[in-house]
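All remarks here apply to the structure that follows.
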Amino acid sequence: MMLSLAWKNIWRSKGRSFVVIGAIVIGVWSLIFMFGFYNSFIEALSRNSLYHDFSHIQVHHKGYLTEPGLAFLLNRSEELVDMGAEVPEILATSGRLIINGMIASPKTNLGIQVYGVHPTDEAQVTGLEEQLVEGNYFENSKRYPILISEKIADKLKVKLRSKLILTIQDAQANITSAAFIVSGIFHSKSPRINESVIYVRHADVVQLIGLDDQSYNELAYLLRDTETTDRVKVNIESKTENLLRTYREIAPEFDMFEQTSAITKQMITFIIMLALLFGIINAMLMSVLERTKEIGMLRSIGMHKRKIFLMILFETCIISLISGPLGLLAGFATNRYLSINGLNLSSYAGALEQYGAEAIVYPSIDYATYPLLMMIVLITALLGAIYPAIKATRLKPLEAIRKI
Amino acid sequence: MNVIELKNISKIYNPDTIPVRAVNNLSLQIEQGEFTAIVGPSGCGKTTLLNMMGGLDPCTQGSVTISGVAISTLNESELTDFRLKNIGFVFQAYNLIPVLTARENIEFIMVLQKEDPKVIGDRVDNLLKRMGITEQKDRRPSELSGGQQQRVAVARALASHPKFILADEPTANLDSEATAGLLEIMAQMNKDEAVTFVFSTHDQRVIDKAKRVITLNDGAIVSDEIHL
């Protein structure tokens with residue numbers, strides 16, 4: 001009877017109930033949409049950094065971090081390269097020789113990082129070949145080929161097959177220069193690489209600076225499963241005197257992304273729930289005040305305060321049990337649609353690229369979020385009902401009778 | 001046997017500012033099965049007296065004893081429970097729950113009393129029949145006439161098998177026909193089931209039907225007549 005009465009009381013003022021239900025539906029829907037969007041955004045940032053820049057594990061000489069360059073090449077690098085084939089968790093390995101240098105076009109010059117790479121290995125580790133937007137992937141074998149980003153091409157005001165002069169220090173700290181031909185222009189999903197990295201063949205760069213073909217100052221391992229990163233690191237660490245770092249150690253922003261994401265989601269949830277809380281308090285308070293006489297009569301004929309309190313609580317619970325699932329369903333449907341078709345944010349592509357995000361977002365949300373949100377809505381609704389329910393129990397029966 | 005026993009009760013509103021003495025040192029006994037009308041001019045204390053009898057308004061002085069229980073000794077929760085089990089209320093404006101049907105309104109008080117559903121069903125059917133509103137049982141208050149609503153209110157008051165029913169101006173909003181019908185039903189219930197009714201009223205038709213008429217003025221009894 002109490003539940004039945006609570007249900008009927010809800011529909012006493014249909015307009016007000018629909019407004020409250022609508023507000024909760026929109027609130028829940030917007031939370032799910034925002035969670036999905038934010039998850040996808042952060043996931044894209046992390047994925048792009050991981051698969052197009054840092055890889056899971058990087059190996060350097062222990063002195064490299066204090067003095068990057070040619071002074072600290074990897075010890076016994078061939079063993080590290082071989083390990084890529086021996087350790088089953090490793091999908092691909094790329095040895096790199098990284099040197100700071102200067103690149104000059106006929107119009108201007110630029111300070112850059114030169115990545116001397118084995119084209120096939122680098123393609124497997126960072127997908128560099130797939131990121132080409134023009135030209136070919138180191139196929140000009142007559143001259144030194146070079147790959148540059150669209151951004152660097154713009155800055156240098158060069159195009160495909162333009163000649164560039166690369167100036168670097170050799171192993172004896174002598175300045176050496178060579179002419180390179182732009183064989184390809186790429187667009188990396190990593191802003192750092194677009195901004196400051198150019199790729200040349202490892203064979204060309206070691207020849208230029210007088211090192212042997214096993215000279216690397218960085219080795220990157222791409223793993224089959226990100227979850228195995230720490231385990232693989234420990235495994236390889238025990239077999240080498242070089243320094244191994246996981247992507248989280250190299251780029252603390254991975255953790256920061258996740259922490260910021262979690263905090264942002266909690267804050268937005270809190271703000272939306274706070275707004276809903278006040279909406280529910282307001283609506284239920286109006287409902288109680290409209291029923292002052294009736295509640296007074298119920299108290300007069302012998303209805304205990306506890307039951308009055310429960311009646312208001314039931315009403316709010318029913319509203320949240322109707323609106324919560326509707327909001328979840330609407331959020332699920334929206335996310336489902338967008339996870340297939342994508343949310344096109346091309347008009348903001350420039351700004352998104354600055355962060356390493358993608359122009360088309362495919363929202364994704366963990367299924368565990370749905371019951372969690374339902375619980376939060378229910379708790380919010382119950383909290384919102386407490387004050388109006390207390391107000392209802394404090395009504396004096398006689399005051400109601402006097403109004404008759 | 002006295003169902004209601006009032007001993008030297010007074011009700012003073014605003015005792016610290018401008019005291020208003022609504023009931024003044026009044027004593028009264030009402031026995032089981034009485035059909036009593038409390039009459040008097042507006043402001044004479046009729047409603048205040050009924051409220052004190054119903055445990056809705058505590059008296060400033062004196063004692064109210066209902067079926068041997070001094071209700072001033074009960075706490076708020078006990079008093080609520082006491083009202084639920086012992087007193088039926090009929091209000092001038094009917095005060096039915098608008099979202100419930102006539103039947104549900106009557107059932108409601110028995111549900112509060114945690115009666116057995118079978119008992120509730122039988123009792124409600126019986127009351128609907130006695131009140132002549134069986135056909136209207138599935139209608140909501142807004143779909144009933146004033147007279148029908150007041151019959152539902154009386155049925156609701158009777159449903160809980162109270163010791164007595166307090167009715168504050170029950171016919172004030174009813175036309176002659178509805179008033180006559182309602183009074184007939186209440187008189188019949190009083191005769192058949194010895195239900196005790198106490199009315200406050202201005203309505204001469206109610207006064208004419210009452211077995212006992214108590215007249216108040218300035219919060220005190222000025223006459224107490226038995227109509228045979």
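Each chain in the structure tokens gets a letter, A, B, ..., in the order shown, and its residues are numbered from 1; ligands are numbered from 1 in order too.
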
Alpha helix (DSSP H) per DSSP on the backbone: members of region 18-121 of chain B, as a count of residues only
35

Can you pull out every residue within 10 Å of Asp168 (chain B), counting only C-alpha atoms, but drop anything in the same chain fewer than 6 positions away, and send it as number ranges by chain?
A: 401, 404; B: 37-38, 46-47, 50-51, 89-93, 198-201

Quick one: residues within 7 Å of Gly342 (chain A), only C-alpha atoms counted, chain neighbours fewer than 2 positions away excluded, as a ChimeraX atom specification?
/A:338-340,344,360-362

Next, the residues of the selection above should be written as a tab-separated table (two decimals), in the first residue's frame with C-alpha atoms.
```tsv
chain	number	residue	atom	x	y	z
A	338	LEU	CA	29.21	6.90	-31.63
A	339	SER	CA	31.57	4.02	-30.86
A	340	ILE	CA	30.67	2.63	-34.30
A	344	ASN	CA	33.62	13.92	-35.90
A	360	ILE	CA	37.26	11.46	-34.71
A	361	VAL	CA	36.40	10.27	-31.24
A	362	TYR	CA	34.96	6.82	-30.59
```

Distance cut-off 9 Å, counting only C-alpha atoms - which residues of chain A neighbour chain B? Return them as a list in words.
Met1, Leu5, Lys8, Asn9, Trp11, Arg12, Lys293, Glu294, Met297, Leu298, Arg299, Ser300, Ile301, Gly302, Met303, His304, Lys305, Lys396, Pro397, Leu398, Ile401, Arg402 and Ile404 of chain A

Export of the given selection (N, CA and C atoms) as an mmCIF file, in the first residue's frame:
```
data_model
loop_
_atom_site.group_PDB
_atom_site.id
_atom_site.type_symbol
_atom_site.label_atom_id
_atom_site.label_comp_id
_atom_site.auth_asym_id
_atom_site.auth_seq_id
_atom_site.Cartn_x
_atom_site.Cartn_y
_atom_site.Cartn_z
ATOM 1 N N MET A 1 0.835 -1.214 0.000
ATOM 2 C CA MET A 1 0.000 0.000 0.000
ATOM 3 C C MET A 1 0.863 1.255 0.000
ATOM 4 N N LEU A 5 0.890 3.882 -2.856
ATOM 5 C CA LEU A 5 0.561 5.285 -2.582
ATOM 6 C C LEU A 5 1.684 6.198 -3.102
ATOM 7 N N LYS A 8 1.429 6.465 -6.817
ATOM 8 C CA LYS A 8 0.319 7.332 -7.228
ATOM 9 C C LYS A 8 0.622 8.799 -6.924
ATOM 10 N N ASN A 9 1.305 9.026 -5.819
ATOM 11 C CA ASN A 9 1.653 10.404 -5.465
ATOM 12 C C ASN A 9 2.568 11.045 -6.507
ATOM 13 N N TRP A 11 2.541 10.662 -9.663
ATOM 14 C CA TRP A 11 1.805 11.090 -10.871
ATOM 15 C C TRP A 11 0.704 12.096 -10.557
ATOM 16 N N ARG A 12 0.670 12.559 -9.345
ATOM 17 C CA ARG A 12 -0.287 13.576 -8.925
ATOM 18 C C ARG A 12 0.038 14.883 -9.656
ATOM 19 N N LYS A 293 -1.911 19.633 4.109
ATOM 20 C CA LYS A 293 -3.167 19.239 4.749
ATOM 21 C C LYS A 293 -3.300 17.722 4.789
ATOM 22 N N GLU A 294 -2.938 17.123 3.652
ATOM 23 C CA GLU A 294 -3.103 15.674 3.544
ATOM 24 C C GLU A 294 -2.179 14.946 4.524
ATOM 25 N N MET A 297 -3.512 15.283 7.872
ATOM 26 C CA MET A 297 -4.638 14.365 8.082
ATOM 27 C C MET A 297 -4.120 12.941 8.346
ATOM 28 N N LEU A 298 -3.101 12.537 7.561
ATOM 29 C CA LEU A 298 -2.541 11.184 7.750
ATOM 30 C C LEU A 298 -1.973 11.034 9.158
ATOM 31 N N ARG A 299 -1.314 12.085 9.630
ATOM 32 C CA ARG A 299 -0.772 12.058 10.991
ATOM 33 C C ARG A 299 -1.921 11.987 12.000
ATOM 34 N N SER A 300 -3.002 12.738 11.717
ATOM 35 C CA SER A 300 -4.150 12.765 12.642
ATOM 36 C C SER A 300 -4.772 11.390 12.795
ATOM 37 N N ILE A 301 -4.943 10.708 11.655
ATOM 38 C CA ILE A 301 -5.659 9.425 11.744
ATOM 39 C C ILE A 301 -4.756 8.306 12.243
ATOM 40 N N GLY A 302 -3.477 8.612 12.435
ATOM 41 C CA GLY A 302 -2.624 7.617 13.087
ATOM 42 C C GLY A 302 -1.452 7.108 12.264
ATOM 43 N N MET A 303 -1.054 7.845 11.249
ATOM 44 C CA MET A 303 0.116 7.410 10.470
ATOM 45 C C MET A 303 1.371 7.928 11.166
ATOM 46 N N HIS A 304 2.270 7.014 11.449
ATOM 47 C CA HIS A 304 3.479 7.394 12.189
ATOM 48 C C HIS A 304 4.425 8.213 11.317
ATOM 49 N N LYS A 305 5.250 9.016 12.001
ATOM 50 C CA LYS A 305 6.234 9.851 11.295
ATOM 51 C C LYS A 305 7.136 9.001 10.414
ATOM 52 N N LYS A 396 2.661 19.442 11.991
ATOM 53 C CA LYS A 396 1.789 19.163 13.136
ATOM 54 C C LYS A 396 0.393 18.822 12.619
ATOM 55 N N PRO A 397 -0.148 17.683 13.031
ATOM 56 C CA PRO A 397 -1.471 17.287 12.531
ATOM 57 C C PRO A 397 -2.527 18.363 12.765
ATOM 58 N N LEU A 398 -2.440 19.000 13.899
ATOM 59 C CA LEU A 398 -3.459 19.991 14.231
ATOM 60 C C LEU A 398 -3.441 21.180 13.279
ATOM 61 N N ILE A 401 -5.391 20.244 10.402
ATOM 62 C CA ILE A 401 -6.830 20.206 10.700
ATOM 63 C C ILE A 401 -7.403 21.622 10.756
ATOM 64 N N ARG A 402 -6.635 22.525 11.304
ATOM 65 C CA ARG A 402 -7.109 23.917 11.399
ATOM 66 C C ARG A 402 -7.305 24.556 10.035
ATOM 67 N N ILE A 404 -8.558 23.003 7.584
ATOM 68 C CA ILE A 404 -9.697 22.357 6.918
ATOM 69 C C ILE A 404 -10.886 23.301 6.861
#
```

Set the distance at 10 Å and use only C-alpha atoms: which residues neighbour Leu383 (chain A) once local chain neighbours fewer than 2 positions away are removed? I'd like the list as a list of chain:residue names.
A:Leu277, A:Phe278, A:Ile280, A:Ile281, A:Leu313, A:Thr316, A:Val377, A:Leu378, A:Ile379, A:Thr380, A:Ala381, A:Ala385, A:Ile386, A:Tyr387, A:Pro388

Output C-alpha atoms of each residue in that selection to a file, as an mmCIF file, in the first residue's frame.
```
data_model
loop_
_atom_site.group_PDB
_atom_site.id
_atom_site.type_symbol
_atom_site.label_atom_id
_atom_site.label_comp_id
_atom_site.auth_asym_id
_atom_site.auth_seq_id
_atom_site.Cartn_x
_atom_site.Cartn_y
_atom_site.Cartn_z
ATOM 1 C CA LEU A 277 20.333 16.886 -5.615
ATOM 2 C CA PHE A 278 19.038 20.444 -5.400
ATOM 3 C CA ILE A 280 15.190 16.727 -6.259
ATOM 4 C CA ILE A 281 15.098 18.623 -2.945
ATOM 5 C CA LEU A 313 11.684 8.318 0.352
ATOM 6 C CA THR A 316 12.034 9.706 -4.677
ATOM 7 C CA VAL A 377 21.789 8.369 -8.781
ATOM 8 C CA LEU A 378 19.916 6.338 -6.174
ATOM 9 C CA ILE A 379 22.070 7.684 -3.344
ATOM 10 C CA THR A 380 21.667 11.242 -4.667
ATOM 11 C CA ALA A 381 17.905 10.796 -4.862
ATOM 12 C CA ALA A 385 14.581 13.160 -0.249
ATOM 13 C CA ILE A 386 15.842 13.388 3.323
ATOM 14 C CA TYR A 387 15.199 17.083 3.917
ATOM 15 C CA PRO A 388 11.676 17.127 2.390
#
```

Can you tell me which residues surround Phe197 (chain B) at a distance of at most 10 Å, considering only C-alpha atoms, apart from same-chain residues fewer than 3 positions away, and format the answer as a PyMOL selection string?
chain B and resi 30+32-37+88-89+163-167+186-187+189-190+194+210

Spatial neighbours of Leu183 (chain B), max dist 9 Å, only C-alpha atoms, sep filter under 3 positions, as a PyMOL selection string
chain B and resi 171+178-180+186-188+205-206+209

So how many Å separate CA of Asp16 (chain B) and CA of Thr60 (chain B), to one decimal?
12.6 Å

Near region 130-133 of chain B, counting only C-alpha atoms, which residues have an atom at most 8 Å away, once you skip same-chain residues fewer than 5 positions from it, shown as number ranges by chain?
B: 148, 151-152, 155, 185

Kindly export the residues of the current selection with N, CA and C atoms, as a CSV table (one decimal), in the first residue's frame.
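And here is the file that came out, out-v5.csv:
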```
chain,number,residue,atom,x,y,z
B,148,GLN,N,-21.1,11.8,-1.2
B,148,GLN,CA,-20.4,10.5,-1.3
B,148,GLN,C,-19.0,10.5,-0.7
B,151,ARG,N,-19.3,10.2,3.0
B,151,ARG,CA,-19.7,8.8,3.3
B,151,ARG,C,-18.4,7.9,3.3
B,152,VAL,N,-17.5,8.2,2.4
B,152,VAL,CA,-16.2,7.5,2.3
B,152,VAL,C,-15.4,7.8,3.6
B,155,ALA,N,-16.9,6.0,6.5
B,155,ALA,CA,-16.5,4.6,6.4
B,155,ALA,C,-15.0,4.4,6.8
B,185,ILE,N,-27.2,7.3,8.0
B,185,ILE,CA,-26.2,6.2,8.0
B,185,ILE,C,-25.6,6.2,9.4
```

Check region 29-228 of chain B with DSSP on the backbone and list each residue it calls strand (DSSP E or B), as a VMD selection string.
chain B and resid 29 to 31 35 to 39 61 to 66 69 to 70 87 to 90 164 to 168 196 to 200 212 to 217 220 to 226

Limited to N, CA and C atoms, could you put the picked residues into a file as a short mmCIF file (atom, residue, chain, number, x, y, z; two decimals), in the first residue's frame?
```cif
data_model
loop_
_atom_site.label_atom_id
_atom_site.label_comp_id
_atom_site.auth_asym_id
_atom_site.auth_seq_id
_atom_site.Cartn_x
_atom_site.Cartn_y
_atom_site.Cartn_z
N GLN B 29 -18.29 13.78 30.60
CA GLN B 29 -18.14 12.34 30.37
C GLN B 29 -19.03 11.94 29.20
N ILE B 30 -18.50 11.14 28.33
CA ILE B 30 -19.30 10.61 27.22
C ILE B 30 -19.24 9.09 27.28
N GLU B 31 -20.40 8.49 27.26
CA GLU B 31 -20.45 7.04 27.42
C GLU B 31 -20.48 6.32 26.07
N PHE B 35 -24.62 9.54 20.96
CA PHE B 35 -24.69 10.24 19.67
C PHE B 35 -24.80 11.71 20.03
N THR B 36 -23.65 12.35 20.26
CA THR B 36 -23.61 13.64 20.93
C THR B 36 -23.24 14.77 19.98
N ALA B 37 -23.97 15.85 20.08
CA ALA B 37 -23.64 17.06 19.30
C ALA B 37 -23.15 18.13 20.25
N ILE B 38 -22.01 18.73 19.88
CA ILE B 38 -21.51 19.87 20.67
C ILE B 38 -21.81 21.10 19.84
N VAL B 39 -22.60 21.98 20.41
CA VAL B 39 -23.05 23.16 19.65
C VAL B 39 -22.64 24.43 20.37
N GLN B 61 -4.58 22.63 31.21
CA GLN B 61 -4.85 22.13 32.57
C GLN B 61 -5.87 20.99 32.47
N GLY B 62 -5.92 20.16 33.48
CA GLY B 62 -6.90 19.09 33.56
C GLY B 62 -6.40 17.82 32.88
N SER B 63 -7.32 16.84 32.78
CA SER B 63 -6.90 15.57 32.17
C SER B 63 -7.97 15.03 31.22
N VAL B 64 -7.47 14.37 30.16
CA VAL B 64 -8.35 13.73 29.18
C VAL B 64 -8.10 12.23 29.28
N THR B 65 -9.14 11.50 29.58
CA THR B 65 -9.00 10.04 29.69
C THR B 65 -9.90 9.39 28.65
N ILE B 66 -9.28 8.56 27.81
CA ILE B 66 -10.02 7.86 26.75
C ILE B 66 -9.97 6.38 27.08
N VAL B 69 -7.48 5.46 29.57
CA VAL B 69 -6.07 5.85 29.36
C VAL B 69 -5.95 7.37 29.40
N ALA B 70 -5.12 7.87 30.33
CA ALA B 70 -4.88 9.32 30.40
C ALA B 70 -3.93 9.68 29.27
N ILE B 87 -9.53 6.12 17.81
CA ILE B 87 -10.33 7.28 17.44
C ILE B 87 -10.51 7.36 15.93
N GLY B 88 -11.75 7.62 15.53
CA GLY B 88 -12.02 7.85 14.12
C GLY B 88 -12.27 9.34 13.90
N PHE B 89 -11.75 9.87 12.78
CA PHE B 89 -11.94 11.30 12.52
C PHE B 89 -12.74 11.50 11.24
N VAL B 90 -13.69 12.42 11.31
CA VAL B 90 -14.40 12.85 10.08
C VAL B 90 -14.25 14.37 10.02
N PHE B 164 -14.56 5.65 19.46
CA PHE B 164 -15.54 6.70 19.14
C PHE B 164 -15.09 7.45 17.90
N ILE B 165 -16.04 8.19 17.32
CA ILE B 165 -15.73 8.99 16.12
C ILE B 165 -15.95 10.45 16.44
N LEU B 166 -14.93 11.25 16.11
CA LEU B 166 -15.05 12.70 16.27
C LEU B 166 -15.32 13.29 14.90
N ALA B 167 -16.37 14.06 14.79
CA ALA B 167 -16.72 14.64 13.50
C ALA B 167 -16.86 16.15 13.66
N ASP B 168 -15.94 16.86 13.00
CA ASP B 168 -15.94 18.32 13.12
C ASP B 168 -16.74 18.92 11.96
N THR B 196 -19.91 5.19 19.03
CA THR B 196 -20.07 6.49 19.69
C THR B 196 -19.67 7.60 18.73
N PHE B 197 -20.58 8.57 18.54
CA PHE B 197 -20.28 9.71 17.67
C PHE B 197 -20.29 10.98 18.51
N VAL B 198 -19.30 11.83 18.29
CA VAL B 198 -19.31 13.17 18.90
C VAL B 198 -19.13 14.17 17.77
N PHE B 199 -20.11 15.05 17.59
CA PHE B 199 -20.03 16.04 16.52
C PHE B 199 -19.82 17.43 17.10
N SER B 200 -19.14 18.25 16.36
CA SER B 200 -19.28 19.69 16.61
C SER B 200 -20.09 20.18 15.43
N ARG B 212 -27.85 13.56 22.51
CA ARG B 212 -27.40 14.46 23.59
C ARG B 212 -26.83 15.71 22.92
N VAL B 213 -27.20 16.85 23.44
CA VAL B 213 -26.72 18.12 22.88
C VAL B 213 -26.04 18.92 23.99
N ILE B 214 -24.76 19.19 23.78
CA ILE B 214 -23.99 19.97 24.76
C ILE B 214 -23.75 21.34 24.15
N THR B 215 -24.16 22.37 24.86
CA THR B 215 -23.98 23.72 24.33
C THR B 215 -22.83 24.41 25.06
N LEU B 216 -21.94 24.96 24.26
CA LEU B 216 -20.78 25.67 24.83
C LEU B 216 -20.93 27.16 24.61
N ASN B 217 -20.34 27.91 25.51
CA ASN B 217 -20.19 29.34 25.30
C ASN B 217 -18.96 29.80 26.06
N ALA B 220 -17.05 27.10 27.98
CA ALA B 220 -17.64 26.37 29.11
C ALA B 220 -19.00 25.81 28.69
N ILE B 221 -19.41 24.73 29.39
CA ILE B 221 -20.71 24.12 29.07
C ILE B 221 -21.82 24.97 29.70
N VAL B 222 -22.74 25.39 28.84
CA VAL B 222 -23.87 26.16 29.38
C VAL B 222 -25.13 25.31 29.48
N SER B 223 -25.18 24.24 28.66
CA SER B 223 -26.29 23.31 28.84
C SER B 223 -25.90 21.94 28.33
N ASP B 224 -26.49 20.93 28.90
CA ASP B 224 -26.20 19.54 28.52
C ASP B 224 -27.52 18.80 28.56
N GLU B 225 -28.12 18.60 27.35
CA GLU B 225 -29.49 18.06 27.31
C GLU B 225 -29.51 16.67 26.67
N ILE B 226 -30.32 15.84 27.23
CA ILE B 226 -30.54 14.51 26.65
C ILE B 226 -31.83 14.56 25.85
#
```

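CA of Glu290 (chain A) sits 17.2 Å away from CA of Pro141 (chain B).
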